$ cat work.txt   # compact mmCIF, C-alpha atoms and all ligand atoms
# COMPACT_ATOMS: atom_id res chain seq x y z
CA MET D 1 46.77 -8.25 36.06
CA GLU D 2 47.48 -5.74 38.76
CA LYS D 3 50.63 -6.40 40.81
CA LYS D 4 52.23 -8.12 37.81
CA SER D 5 55.38 -6.75 36.24
CA VAL D 6 56.65 -7.07 32.71
CA ILE D 7 59.84 -6.09 30.91
CA LEU D 8 59.37 -5.17 27.27
CA GLY D 9 62.44 -5.49 25.07
CA VAL D 10 62.29 -3.51 21.83
CA THR D 11 64.73 -4.30 19.03
CA GLY D 12 65.47 -2.41 15.83
CA GLY D 13 62.71 -3.05 13.32
CA ILE D 14 60.10 -0.84 11.72
CA ALA D 15 57.40 -2.47 13.88
CA ALA D 16 59.02 -0.88 16.95
CA TYR D 17 56.34 1.84 16.79
CA LYS D 18 53.68 -0.79 17.60
CA ALA D 19 55.49 -1.52 20.87
CA ALA D 20 54.34 1.89 22.12
CA GLU D 21 50.72 0.75 21.87
CA LEU D 22 51.63 -2.47 23.66
CA VAL D 23 53.08 -0.45 26.55
CA ARG D 24 49.89 1.60 26.69
CA LEU D 25 47.77 -1.55 26.90
CA LEU D 26 50.00 -3.09 29.57
CA VAL D 27 49.87 0.04 31.71
CA LYS D 28 46.10 0.31 31.21
CA ALA D 29 45.76 -3.27 32.48
CA GLY D 30 47.63 -2.28 35.66
CA VAL D 31 50.89 -4.04 34.75
CA GLU D 32 54.11 -2.44 36.00
CA THR D 33 56.07 -2.07 32.75
CA LYS D 34 59.75 -1.35 32.15
CA VAL D 35 61.26 -1.02 28.69
CA ALA D 36 64.74 -1.98 27.47
CA MET D 37 65.76 -1.06 23.94
CA THR D 38 68.63 -1.96 21.68
CA GLN D 39 70.62 0.95 20.24
CA ASN D 40 69.15 0.19 16.82
CA ALA D 41 65.61 0.37 18.22
CA THR D 42 66.26 3.96 19.36
CA LYS D 43 66.73 4.89 15.68
CA PHE D 44 63.11 3.85 15.01
CA ILE D 45 61.40 5.27 18.10
CA SER D 46 62.56 7.49 20.91
CA PRO D 47 63.04 6.09 24.44
CA LEU D 48 61.13 9.17 25.57
CA THR D 49 57.92 7.74 24.09
CA PHE D 50 58.25 4.62 26.23
CA GLU D 51 59.23 6.63 29.31
CA ALA D 52 56.14 8.79 28.97
CA LEU D 53 53.86 5.78 28.47
CA SER D 54 55.34 3.51 31.13
CA GLY D 55 56.27 6.10 33.74
CA ASN D 56 59.63 4.33 34.08
CA LYS D 57 63.12 5.12 32.88
CA VAL D 58 64.04 3.26 29.68
CA VAL D 59 67.40 1.52 29.45
CA SER D 60 69.04 1.46 26.04
CA ASP D 61 72.70 1.81 27.00
CA MET D 62 74.43 -0.78 29.15
CA TRP D 63 76.90 1.87 30.32
CA ASP D 64 74.45 4.60 31.21
CA ALA D 65 75.57 6.01 34.58
CA GLY D 66 71.89 6.07 35.66
CA ASN D 67 71.62 2.25 35.61
CA ALA D 68 72.07 0.35 38.85
CA ALA D 69 75.10 -1.95 38.58
CA MET D 70 73.15 -5.19 38.30
CA ASP D 71 69.97 -4.01 36.53
CA HIS D 72 70.70 -6.31 33.60
CA VAL D 73 70.58 -9.26 36.01
CA HIS D 74 67.80 -8.11 38.35
CA TRP D 75 65.24 -6.92 35.83
CA GLY D 76 64.55 -10.32 34.27
CA GLN D 77 64.58 -12.03 37.65
CA GLU D 78 62.15 -9.71 39.35
CA ALA D 79 59.63 -9.53 36.48
CA ASP D 80 56.77 -11.95 35.89
CA LEU D 81 57.35 -11.94 32.14
CA VAL D 82 59.85 -10.65 29.58
CA ILE D 83 58.44 -9.78 26.16
CA VAL D 84 60.59 -8.95 23.15
CA ALA D 85 58.48 -7.18 20.52
CA PRO D 86 59.50 -6.73 17.82
CA ALA D 87 62.23 -9.38 17.90
CA THR D 88 64.49 -8.99 14.85
CA ALA D 89 66.30 -11.83 13.05
CA ASP D 90 69.55 -10.51 14.50
CA PHE D 91 68.26 -10.54 18.07
CA ILE D 92 66.79 -14.03 17.63
CA ALA D 93 70.13 -15.27 16.26
CA LYS D 94 71.97 -13.72 19.17
CA MET D 95 69.71 -15.32 21.75
CA ALA D 96 69.84 -18.72 20.03
CA HIS D 97 73.62 -18.60 20.36
CA GLY D 98 73.73 -17.24 23.89
CA LEU D 99 75.35 -13.92 22.99
CA GLY D 100 75.02 -11.01 25.38
CA ASP D 101 76.61 -7.79 24.14
CA ASP D 102 74.16 -5.13 25.31
CA PHE D 103 71.67 -4.49 28.09
CA LEU D 104 68.69 -6.25 26.48
CA SER D 105 70.53 -9.41 25.42
CA THR D 106 72.30 -9.81 28.78
CA MET D 107 69.03 -9.19 30.61
CA VAL D 108 67.25 -11.87 28.54
CA LEU D 109 70.11 -14.33 29.10
CA ALA D 110 69.95 -13.77 32.86
CA ALA D 111 66.15 -13.79 33.10
CA SER D 112 64.36 -16.35 35.22
CA ALA D 113 60.95 -15.04 34.06
CA ARG D 114 59.34 -16.64 31.05
CA ILE D 115 60.26 -15.02 27.73
CA LEU D 116 57.75 -14.23 25.00
CA LEU D 117 59.32 -13.47 21.62
CA CYS D 118 57.30 -11.70 18.95
CA PRO D 119 59.36 -11.93 15.74
CA ALA D 120 58.78 -9.29 13.06
CA MET D 121 60.78 -8.99 9.87
CA ASN D 122 60.73 -9.37 6.09
CA SER D 123 59.26 -12.73 4.98
CA ARG D 124 62.48 -13.96 3.39
CA MET D 125 64.42 -13.22 6.57
CA LEU D 126 61.77 -15.02 8.62
CA LEU D 127 61.62 -18.06 6.33
CA ASN D 128 65.40 -18.25 6.00
CA PRO D 129 66.44 -21.68 7.33
CA MET D 130 68.90 -19.98 9.74
CA THR D 131 66.16 -17.90 11.34
CA GLN D 132 63.84 -20.91 11.49
CA ALA D 133 66.58 -23.02 13.08
CA ASN D 134 67.27 -20.26 15.62
CA LEU D 135 63.58 -20.03 16.51
CA GLY D 136 63.50 -23.83 16.85
CA THR D 137 66.46 -23.68 19.25
CA LEU D 138 64.80 -20.99 21.34
CA ARG D 139 61.49 -22.90 21.49
CA LYS D 140 63.42 -25.98 22.59
CA HIS D 141 64.86 -23.94 25.43
CA GLY D 142 61.45 -22.80 26.64
CA TYR D 143 61.07 -19.46 24.86
CA ILE D 144 57.48 -18.81 23.83
CA VAL D 145 57.37 -17.67 20.22
CA MET D 146 54.28 -15.91 18.86
CA GLU D 147 53.58 -16.62 15.22
CA PRO D 148 54.07 -13.44 13.15
CA GLY D 149 51.07 -12.23 11.19
CA ASP D 150 50.69 -12.54 7.43
CA GLY D 151 50.06 -9.48 5.24
CA GLY D 152 51.58 -6.29 3.88
CA LEU D 153 55.12 -5.60 5.11
CA ALA D 154 57.07 -2.35 5.34
CA CYS D 155 59.34 -3.49 2.50
CA GLY D 156 56.36 -3.39 0.14
CA THR D 157 55.86 -7.15 -0.15
CA ASP D 158 53.15 -9.41 1.23
CA GLY D 159 53.79 -12.46 3.40
CA PRO D 160 54.48 -13.69 6.90
CA GLY D 161 56.56 -11.48 9.19
CA ARG D 162 54.21 -8.83 10.56
CA LEU D 163 54.35 -8.11 14.26
CA PRO D 164 51.08 -9.44 15.74
CA GLU D 165 48.70 -6.63 16.65
CA PRO D 166 49.33 -5.24 20.17
CA GLU D 167 45.86 -6.46 21.30
CA ASP D 168 46.79 -10.00 20.22
CA ILE D 169 50.13 -9.82 22.03
CA MET D 170 48.23 -8.51 25.08
CA GLU D 171 45.88 -11.49 24.95
CA GLU D 172 48.87 -13.85 25.00
CA VAL D 173 50.35 -11.85 27.89
CA ARG D 174 47.11 -12.13 29.87
CA LYS D 175 47.19 -15.87 29.39
CA LEU D 176 50.84 -16.15 30.42
CA LEU D 177 50.20 -14.06 33.53
CA SER D 178 47.09 -16.02 34.57
CA PRO D 179 47.23 -19.09 36.79
CA GLN D 180 46.70 -22.20 34.66
CA ASP D 181 44.38 -23.67 37.26
CA LEU D 182 41.76 -24.83 34.75
CA ALA D 183 44.23 -26.75 32.59
CA GLY D 184 42.80 -30.12 31.67
CA LEU D 185 39.16 -29.00 32.08
CA ARG D 186 37.06 -28.92 28.94
CA PHE D 187 34.31 -26.29 28.69
CA LEU D 188 31.39 -25.70 26.39
CA VAL D 189 30.04 -22.16 26.73
CA THR D 190 27.05 -20.71 24.90
CA ALA D 191 26.68 -16.97 24.41
CA GLY D 192 24.65 -14.29 22.70
CA PRO D 193 21.11 -14.34 21.43
CA THR D 194 19.46 -16.71 19.02
CA ILE D 195 17.47 -15.35 16.12
CA GLU D 196 14.37 -16.75 14.42
CA PRO D 197 13.56 -15.55 10.90
CA LEU D 198 10.03 -14.40 10.05
CA ASP D 199 10.74 -13.88 6.37
CA PRO D 200 13.88 -13.22 4.27
CA VAL D 201 14.36 -9.74 5.80
CA ARG D 202 12.96 -9.86 9.36
CA TYR D 203 13.70 -11.86 12.44
CA MET D 204 12.87 -12.13 16.14
CA THR D 205 15.67 -11.91 18.69
CA ASN D 206 16.54 -10.44 22.11
CA ARG D 207 18.99 -7.94 23.60
CA SER D 208 21.85 -10.31 24.47
CA SER D 209 25.19 -8.88 23.33
CA GLY D 210 27.17 -12.04 24.13
CA ARG D 211 29.48 -10.16 26.53
CA MET D 212 28.73 -12.36 29.54
CA GLY D 213 29.28 -15.63 27.68
CA TYR D 214 32.39 -14.39 25.85
CA ALA D 215 33.88 -13.22 29.17
CA ILE D 216 33.40 -16.73 30.57
CA ALA D 217 34.88 -18.41 27.49
CA ARG D 218 37.85 -16.07 27.52
CA GLY D 219 38.38 -16.42 31.27
CA ALA D 220 38.36 -20.21 31.05
CA ARG D 221 40.78 -20.17 28.11
CA MET D 222 43.14 -17.73 29.89
CA ARG D 223 43.31 -20.10 32.81
CA GLY D 224 44.29 -23.03 30.63
CA GLY D 225 40.89 -24.60 29.95
CA ASP D 226 39.94 -26.02 26.55
CA VAL D 227 36.92 -24.08 25.40
CA ILE D 228 34.25 -24.52 22.76
CA LEU D 229 32.22 -21.34 22.36
CA VAL D 230 28.84 -21.70 20.66
CA SER D 231 27.55 -18.25 19.89
CA GLY D 232 24.52 -16.63 18.37
CA PRO D 233 25.09 -13.50 16.26
CA THR D 234 27.06 -10.80 18.13
CA GLN D 235 29.41 -7.94 17.32
CA LEU D 236 32.21 -9.53 19.37
CA VAL D 237 35.48 -11.08 18.25
CA PRO D 238 35.84 -14.65 19.54
CA PRO D 239 38.57 -14.97 22.17
CA ARG D 240 41.89 -16.35 20.91
CA GLY D 241 42.39 -20.05 21.32
CA VAL D 242 38.76 -21.13 21.66
CA VAL D 243 36.99 -23.42 19.23
CA PHE D 244 34.30 -21.18 17.83
CA GLU D 245 30.90 -22.30 16.51
CA SER D 246 28.60 -19.69 15.08
CA VAL D 247 24.84 -20.37 15.05
CA ASN D 248 21.64 -18.44 14.42
CA THR D 249 18.54 -20.30 15.57
CA ALA D 250 17.75 -22.24 18.74
CA GLU D 251 17.55 -25.42 16.67
CA GLU D 252 21.06 -24.80 15.25
CA MET D 253 22.39 -24.11 18.73
CA ARG D 254 20.80 -27.32 20.00
CA ARG D 255 22.39 -29.36 17.20
CA VAL D 256 25.89 -27.97 17.80
CA VAL D 257 25.64 -28.23 21.60
CA LEU D 258 24.43 -31.84 21.47
CA ASP D 259 27.13 -32.68 18.91
CA ARG D 260 29.91 -31.17 21.00
CA CYS D 261 28.83 -31.84 24.58
CA GLY D 262 30.04 -35.46 24.69
CA SER D 263 33.65 -34.37 25.07
CA VAL D 264 33.33 -31.70 27.77
CA ASP D 265 33.43 -31.55 31.57
CA VAL D 266 31.58 -28.29 32.11
CA ILE D 267 28.68 -26.76 30.20
CA ILE D 268 27.80 -23.11 30.86
CA LYS D 269 24.70 -21.85 29.07
CA ALA D 270 24.92 -18.07 29.12
CA ALA D 271 23.09 -17.71 25.79
CA ALA D 272 19.67 -16.11 25.71
CA VAL D 273 17.76 -18.66 23.64
CA LEU D 274 14.40 -17.73 22.16
CA ASP D 275 11.74 -19.96 23.69
CA TYR D 276 9.46 -19.63 20.65
CA ARG D 277 9.83 -19.28 16.89
CA PRO D 278 7.38 -18.40 14.13
CA LYS D 279 5.46 -21.48 13.04
CA GLU D 280 6.31 -20.67 9.46
CA LYS D 281 8.98 -18.61 7.78
CA ALA D 282 7.40 -16.68 4.89
CA PRO D 283 9.30 -17.45 1.66
CA GLN D 284 8.93 -13.81 0.50
CA LYS D 285 9.00 -10.52 2.37
CA MET D 286 5.67 -10.25 4.20
CA LYS D 287 3.41 -7.50 2.86
CA ARG D 288 1.24 -5.10 4.84
CA LYS D 289 -2.20 -6.64 5.37
CA GLY D 290 -4.69 -4.33 7.06
CA ASP D 291 -4.16 -2.94 10.55
CA ARG D 292 -3.53 -6.26 12.33
CA GLN D 293 -1.33 -9.24 11.67
CA THR D 294 -1.22 -12.34 13.83
CA LEU D 295 1.94 -14.33 14.21
CA GLU D 296 1.69 -17.95 15.31
CA LEU D 297 4.63 -19.11 17.43
CA ILE D 298 5.68 -22.63 18.30
CA GLU D 299 7.92 -23.78 21.11
CA ASN D 300 11.68 -24.09 20.62
CA PRO D 301 13.57 -26.96 22.20
CA ASP D 302 14.84 -26.19 25.70
CA ILE D 303 18.49 -27.15 25.18
CA LEU D 304 19.50 -26.88 28.81
CA ALA D 305 16.54 -28.93 30.03
CA GLU D 306 17.48 -31.59 27.48
CA LEU D 307 21.08 -31.66 28.74
CA GLY D 308 19.82 -31.88 32.33
CA ARG D 309 17.45 -34.71 31.45
CA ASP D 310 20.08 -36.75 29.64
CA ARG D 311 22.96 -36.22 32.05
CA VAL D 312 25.45 -38.90 31.13
CA SER D 313 27.84 -38.72 34.00
CA GLY D 314 27.85 -37.32 37.49
CA ARG D 315 31.25 -35.79 36.70
CA ARG D 316 29.85 -33.23 34.29
CA ILE D 317 28.97 -29.81 35.70
CA LEU D 318 25.92 -28.14 34.21
CA VAL D 319 25.48 -24.40 34.75
CA GLY D 320 22.54 -22.30 33.59
CA PHE D 321 21.83 -18.59 33.61
CA ALA D 322 18.46 -17.10 34.47
CA ALA D 323 17.51 -13.69 33.14
CA GLU D 324 14.59 -12.40 35.18
CA THR D 325 12.66 -9.17 35.51
CA GLU D 326 10.68 -10.26 38.61
CA ASP D 327 10.83 -12.85 41.42
CA LEU D 328 14.51 -13.41 40.64
CA LEU D 329 15.28 -16.06 43.24
CA ALA D 330 12.05 -18.04 42.99
CA ASN D 331 12.20 -18.17 39.20
CA ALA D 332 15.89 -19.05 39.13
CA LYS D 333 15.40 -21.78 41.74
CA GLY D 334 12.55 -23.24 39.68
CA LYS D 335 14.81 -23.40 36.59
CA LEU D 336 17.68 -24.94 38.59
CA GLN D 337 15.40 -27.75 39.72
CA ARG D 338 13.37 -28.23 36.54
CA LYS D 339 16.46 -28.33 34.32
CA ASN D 340 18.43 -30.52 36.76
CA LEU D 341 21.43 -28.16 37.03
CA ASP D 342 24.37 -27.96 39.43
CA MET D 343 24.17 -24.19 39.61
CA ILE D 344 22.29 -21.32 38.11
CA VAL D 345 23.46 -17.73 37.78
CA ALA D 346 20.52 -15.42 38.33
CA ASN D 347 20.66 -11.92 36.92
CA ASP D 348 18.05 -9.24 37.39
CA VAL D 349 17.83 -7.90 33.85
CA SER D 350 15.51 -5.06 34.86
CA ARG D 351 18.55 -3.23 36.30
CA HIS D 352 20.22 -0.73 33.97
CA ASP D 353 23.72 -1.84 35.08
CA ALA D 354 23.26 -5.62 34.90
CA GLY D 355 22.23 -8.32 32.45
CA PHE D 356 21.85 -7.47 28.77
CA GLU D 357 24.24 -5.32 26.74
CA VAL D 358 26.16 -3.58 29.56
CA ASP D 359 29.75 -4.36 30.65
CA THR D 360 28.78 -5.06 34.27
CA ASN D 361 26.61 -7.62 35.97
CA SER D 362 25.33 -8.35 39.44
CA VAL D 363 24.40 -11.98 39.98
CA LYS D 364 23.29 -14.46 42.57
CA ILE D 365 24.57 -18.02 42.25
CA LEU D 366 22.17 -20.73 43.41
CA TYR D 367 23.33 -24.28 44.04
CA ARG D 368 21.53 -27.60 43.90
CA ASP D 369 21.94 -28.04 47.68
CA GLY D 370 20.03 -24.82 48.38
CA ARG D 371 23.04 -22.54 49.02
CA MET D 372 23.06 -19.07 47.51
CA GLU D 373 25.93 -16.62 47.00
CA GLU D 374 25.70 -13.05 45.87
CA LEU D 375 28.35 -11.35 43.72
CA GLY D 376 28.00 -7.57 43.89
CA LEU D 377 28.03 -5.27 40.87
CA MET D 378 31.24 -5.87 38.92
CA PRO D 379 32.62 -6.12 35.37
CA LYS D 380 31.45 -9.20 33.49
CA GLU D 381 35.09 -10.41 33.42
CA SER D 382 35.05 -10.49 37.24
CA VAL D 383 31.68 -12.28 37.32
CA ALA D 384 33.19 -14.82 34.92
CA ALA D 385 36.28 -15.24 37.12
CA GLY D 386 34.12 -15.71 40.23
CA LEU D 387 31.95 -18.26 38.48
CA LEU D 388 34.98 -20.17 37.19
CA ASP D 389 36.49 -20.23 40.70
CA ARG D 390 33.33 -21.86 41.99
CA ILE D 391 33.18 -24.36 39.13
CA LYS D 392 36.79 -25.30 39.78
CA GLU D 393 36.06 -25.85 43.46
CA MET D 394 33.03 -27.98 42.64
CA TRP D 395 35.06 -30.03 40.16
CA GLU D 396 37.88 -30.59 42.66
CA LYS D 397 35.43 -31.66 45.37
CA GLY D 398 33.79 -34.00 42.87
CA THR D 399 30.35 -32.73 43.82
O1 LIG Q 401 24.85 -11.29 26.44
P1 LIG Q 401 24.86 -10.16 27.44
O2 LIG Q 401 24.38 -8.87 26.83
O3 LIG Q 401 26.18 -10.03 28.12
O4 LIG Q 401 23.77 -10.49 28.57
C1 LIG Q 401 24.00 -11.57 29.43
C2 LIG Q 401 22.71 -12.38 29.65
C3 LIG Q 401 21.68 -11.52 30.38
C4 LIG Q 401 22.12 -12.84 28.32
C5 LIG Q 401 23.12 -13.64 30.48
O5 LIG Q 401 23.71 -13.22 31.65
C6 LIG Q 401 21.90 -14.52 30.78
O6 LIG Q 401 21.18 -14.32 31.75
N1 LIG Q 401 21.67 -15.55 29.92
C7 LIG Q 401 20.50 -16.41 30.00
C8 LIG Q 401 19.32 -15.72 29.44
C9 LIG Q 401 18.11 -16.62 29.35
O7 LIG Q 401 17.77 -17.04 28.29
O8 LIG Q 401 17.60 -16.97 30.47
P2 LIG Q 401 16.31 -17.95 30.58
O9 LIG Q 401 15.91 -17.74 31.95
O10 LIG Q 401 15.34 -17.68 29.50
O11 LIG Q 401 16.88 -19.41 30.35
C10 LIG Q 401 17.41 -20.17 31.41
C11 LIG Q 401 18.55 -21.05 30.90
O12 LIG Q 401 18.05 -22.00 29.96
C12 LIG Q 401 19.66 -20.30 30.21
O13 LIG Q 401 20.87 -20.90 30.62
C13 LIG Q 401 19.40 -20.53 28.73
O14 LIG Q 401 20.60 -20.56 27.96
C14 LIG Q 401 18.75 -21.90 28.73
N2 LIG Q 401 17.77 -22.08 27.66
C15 LIG Q 401 16.64 -21.31 27.60
C16 LIG Q 401 15.72 -21.51 26.61
C17 LIG Q 401 15.92 -22.53 25.67
N3 LIG Q 401 15.05 -22.75 24.71
N4 LIG Q 401 17.03 -23.29 25.73
C18 LIG Q 401 17.94 -23.08 26.72
O15 LIG Q 401 18.96 -23.79 26.77

$ encode --input "work.txt" --output "structure tokens"
Amino acid sequence: MEKKSVILGVTGGIAAYKAAELVRLLVKAGVETKVAMTQNATKFISPLTFEALSGNKVVSDMWDAGNAAMDHVHWGQEADLVIVAPATADFIAKMAHGLGDDFLSTMVLAASARILLCPAMNSRMLLNPMTQANLGTLRKHGYIVMEPGDGGLACGTDGPGRLPEPEDIMEEVRKLLSPQDLAGLRFLVTAGPTIEPLDPVRYMTNRSSGRMGYAIARGARMRGGDVILVSGPTQLVPPRGVVFESVNTAEEMRRVVLDRCGSVDVIIKAAAVLDYRPKEKAPQKMKRKGDRQTLELIENPDILAELGRDRVSGRRILVGFAAETEDLLANAKGKLQRKNLDMIVANDVSRHDAGFEVDTNSVKILYRDGRMEELGLMPKESVAAGLLDRIKEMWEKGT
């Protein structure tokens, strides 16, 4: 999100303190951030906090001699996005009626950037038909309104009206600042490990954390794609806006993937699926039996090979991953051909900075026509973006 700029409007509600965290997240993501506050907001949190976090002067007074004459017009025209968080009932009512009586309201009225409103208030104020009608009017005029969260409120009651968590607002911001170049494409992404139980307390698995697959699912969603994420057990929170399917075993993953794959254009199998499972699952916890114990394993279905074998239409793009510790290219090429894929992403999982568990990856992408491209060491989000760029290109070429 570097080179993007955002104006954050803060209005006078108790949730104004959460806006400080939002500014921190924006700045951390490389977004140039300026803050405008209403006078009431300055009673809840000091402009100094936002100045320190954003590195920019905060405007809270239309008549401050330090403002340039037309700041209230220029700010919202030069920014990529205007966010108002928290947006009070009063501010929402003002905007719905086109009133501009301070810096923030005039700036929003003059903005050409898209406007994201994050309402936060007492439940009764939020559910009041006037507020709802005002929000309806603003939506009709193109304002993007984030649903407030449900839970404990500052007034001591429970209900809708909480400002969404700054991370959730950030996720919406990332989406709004991303090109929507994958809109209309439907993805199925698998991620994480599978597990195979041995008995009620033990199981076999592998080191996949799910980070690579989740980064792809999130990247595709950010860029407007419809995403189904089928995931083995991980510690990760599913990205907002994806359809999430949680599975454990290879057989469960196969069932969900085959169920869901009919409606998608692109399948990306980043999951690390166990090739074998115990022939039998012991009904009770297995007991120690002498100094050796033999475990009989039987083959799991190869989900990707099955998808490659039963390809229904030339329009679908099928992408595999190959996790290798030796002969990376030869092994990946073999899988690309055997599983009848359009591309395979080969990662050398013997490296400490690539493959399983870490935040970075270094991959080689092999294509059906024999081409190969290398992406250097980079964050998994960037690998995901690079992969999605190539999938988009392939889709547009119809190859
Ligand atoms: O989750 P992270 O910690 O971020 O790590 C990322 C990763 C290393 C798991 C990921 O980048 C990766 O390489 N995933 C594939 C791992 C793997 O299982 O590779 P494989 O070479 O065994 O399988 C090849 C392909 O066939 C994979 O797309 C796999 O999903 C698929 N497969 C394999 C076995 C099986 N029974 N069914 C399958 O569909």

$ residues_near_ligand --input "work.txt" --ligand "ligand LIG 401 (chain Q)" --cutoff "8 Å" --atoms "only C-alpha atoms and all ligand atoms" --output "count of residues only"
52

$ closest_residue --input "work.txt" --among "D:Val84, D:Val363, D:Ile14, D:Leu109" --to "Thr42 in chain D" --atoms "all atoms listed in the file"
D:Ile14

$ closest_residue --input "work.txt" --among "D:Leu26, D:Val82, D:Val173, D:Val31" --to "Arg223 in chain D" --atoms "all atoms listed in the file"
D:Val173

$ residues_around --input "work.txt" --residues "Leu22 in chain D" --least-positions-apart "2" --cutoff "10 Å" --atoms "only C-alpha atoms" --output "MDAnalysis selection string"
chainID D and resid 8 17:20 24:28 53 85 165:170

$ closest_residue --input "work.txt" --among "D:Leu188, D:Ala110, D:Phe44, D:Gly219" --to "Lys175 in chain D" --atoms "all atoms listed in the file"
D:Gly219

$ closest_residue --input "work.txt" --among "D:Val243, D:Leu318, D:Ala96, D:Ala111" --to "Lys140 in chain D" --atoms "only C-alpha atoms"
D:Ala96

$ closest_residue --input "work.txt" --among "D:Leu329, D:Leu341, D:Met62, D:Val242" --to "Met372 in chain D" --atoms "only C-alpha atoms"
D:Leu329

$ build_atoms --input "work.txt" --residues "range 370-375 of chain D" --atoms "all heavy atoms" --output "PDB file, keeping the file's coordinate frame"
ATOM      1  N   GLY D 370      20.791 -25.886  47.740  1.00  0.00           N
ATOM      2  CA  GLY D 370      20.030 -24.820  48.380  1.00  0.00           C
ATOM      3  C   GLY D 370      20.862 -23.600  48.769  1.00  0.00           C
ATOM      4  O   GLY D 370      20.319 -22.564  49.142  1.00  0.00           O
ATOM      5  N   ARG D 371      22.210 -23.701  48.676  1.00  0.00           N
ATOM      6  CA  ARG D 371      23.040 -22.540  49.020  1.00  0.00           C
ATOM      7  C   ARG D 371      22.855 -21.425  47.987  1.00  0.00           C
ATOM      8  O   ARG D 371      22.520 -21.701  46.829  1.00  0.00           O
ATOM      9  CB  ARG D 371      24.527 -22.931  49.017  1.00  0.00           C
ATOM     10  CG  ARG D 371      25.010 -23.526  50.326  1.00  0.00           C
ATOM     11  CD  ARG D 371      26.473 -23.897  50.239  1.00  0.00           C
ATOM     12  NE  ARG D 371      26.777 -24.730  49.081  1.00  0.00           N
ATOM     13  CZ  ARG D 371      27.719 -24.465  48.187  1.00  0.00           C
ATOM     14  NH1 ARG D 371      28.476 -23.394  48.303  1.00  0.00           N
ATOM     15  NH2 ARG D 371      27.945 -25.285  47.164  1.00  0.00           N
ATOM     16  N   MET D 372      23.135 -20.206  48.438  1.00  0.00           N
ATOM     17  CA  MET D 372      23.060 -19.070  47.510  1.00  0.00           C
ATOM     18  C   MET D 372      24.203 -18.115  47.824  1.00  0.00           C
ATOM     19  O   MET D 372      24.508 -17.886  48.984  1.00  0.00           O
ATOM     20  CB  MET D 372      21.718 -18.359  47.708  1.00  0.00           C
ATOM     21  CG  MET D 372      21.351 -17.395  46.605  1.00  0.00           C
ATOM     22  SD  MET D 372      21.892 -15.734  46.900  1.00  0.00           S
ATOM     23  CE  MET D 372      20.680 -15.161  48.056  1.00  0.00           C
ATOM     24  N   GLU D 373      24.865 -17.601  46.810  1.00  0.00           N
ATOM     25  CA  GLU D 373      25.930 -16.620  47.000  1.00  0.00           C
ATOM     26  C   GLU D 373      25.636 -15.422  46.126  1.00  0.00           C
ATOM     27  O   GLU D 373      25.160 -15.585  44.995  1.00  0.00           O
ATOM     28  CB  GLU D 373      27.275 -17.185  46.533  1.00  0.00           C
ATOM     29  CG  GLU D 373      27.914 -18.169  47.470  1.00  0.00           C
ATOM     30  CD  GLU D 373      29.279 -18.569  46.915  1.00  0.00           C
ATOM     31  OE1 GLU D 373      29.305 -19.428  46.006  1.00  0.00           O
ATOM     32  OE2 GLU D 373      30.284 -18.008  47.352  1.00  0.00           O
ATOM     33  N   GLU D 374      25.972 -14.262  46.642  1.00  0.00           N
ATOM     34  CA  GLU D 374      25.700 -13.050  45.870  1.00  0.00           C
ATOM     35  C   GLU D 374      27.022 -12.410  45.445  1.00  0.00           C
ATOM     36  O   GLU D 374      27.903 -12.209  46.279  1.00  0.00           O
ATOM     37  CB  GLU D 374      24.909 -12.087  46.754  1.00  0.00           C
ATOM     38  CG  GLU D 374      24.494 -10.866  46.014  1.00  0.00           C
ATOM     39  CD  GLU D 374      23.351 -10.122  46.700  1.00  0.00           C
ATOM     40  OE1 GLU D 374      22.878 -10.587  47.763  1.00  0.00           O
ATOM     41  OE2 GLU D 374      22.957  -9.081  46.164  1.00  0.00           O
ATOM     42  N   LEU D 375      27.186 -12.129  44.170  1.00  0.00           N
ATOM     43  CA  LEU D 375      28.350 -11.350  43.720  1.00  0.00           C
ATOM     44  C   LEU D 375      27.835  -9.944  43.440  1.00  0.00           C
ATOM     45  O   LEU D 375      26.882  -9.785  42.687  1.00  0.00           O
ATOM     46  CB  LEU D 375      28.951 -11.936  42.429  1.00  0.00           C
ATOM     47  CG  LEU D 375      29.342 -13.420  42.398  1.00  0.00           C
ATOM     48  CD1 LEU D 375      30.110 -13.730  41.116  1.00  0.00           C
ATOM     49  CD2 LEU D 375      30.178 -13.812  43.600  1.00  0.00           C
TER      50      LEU D 375
END
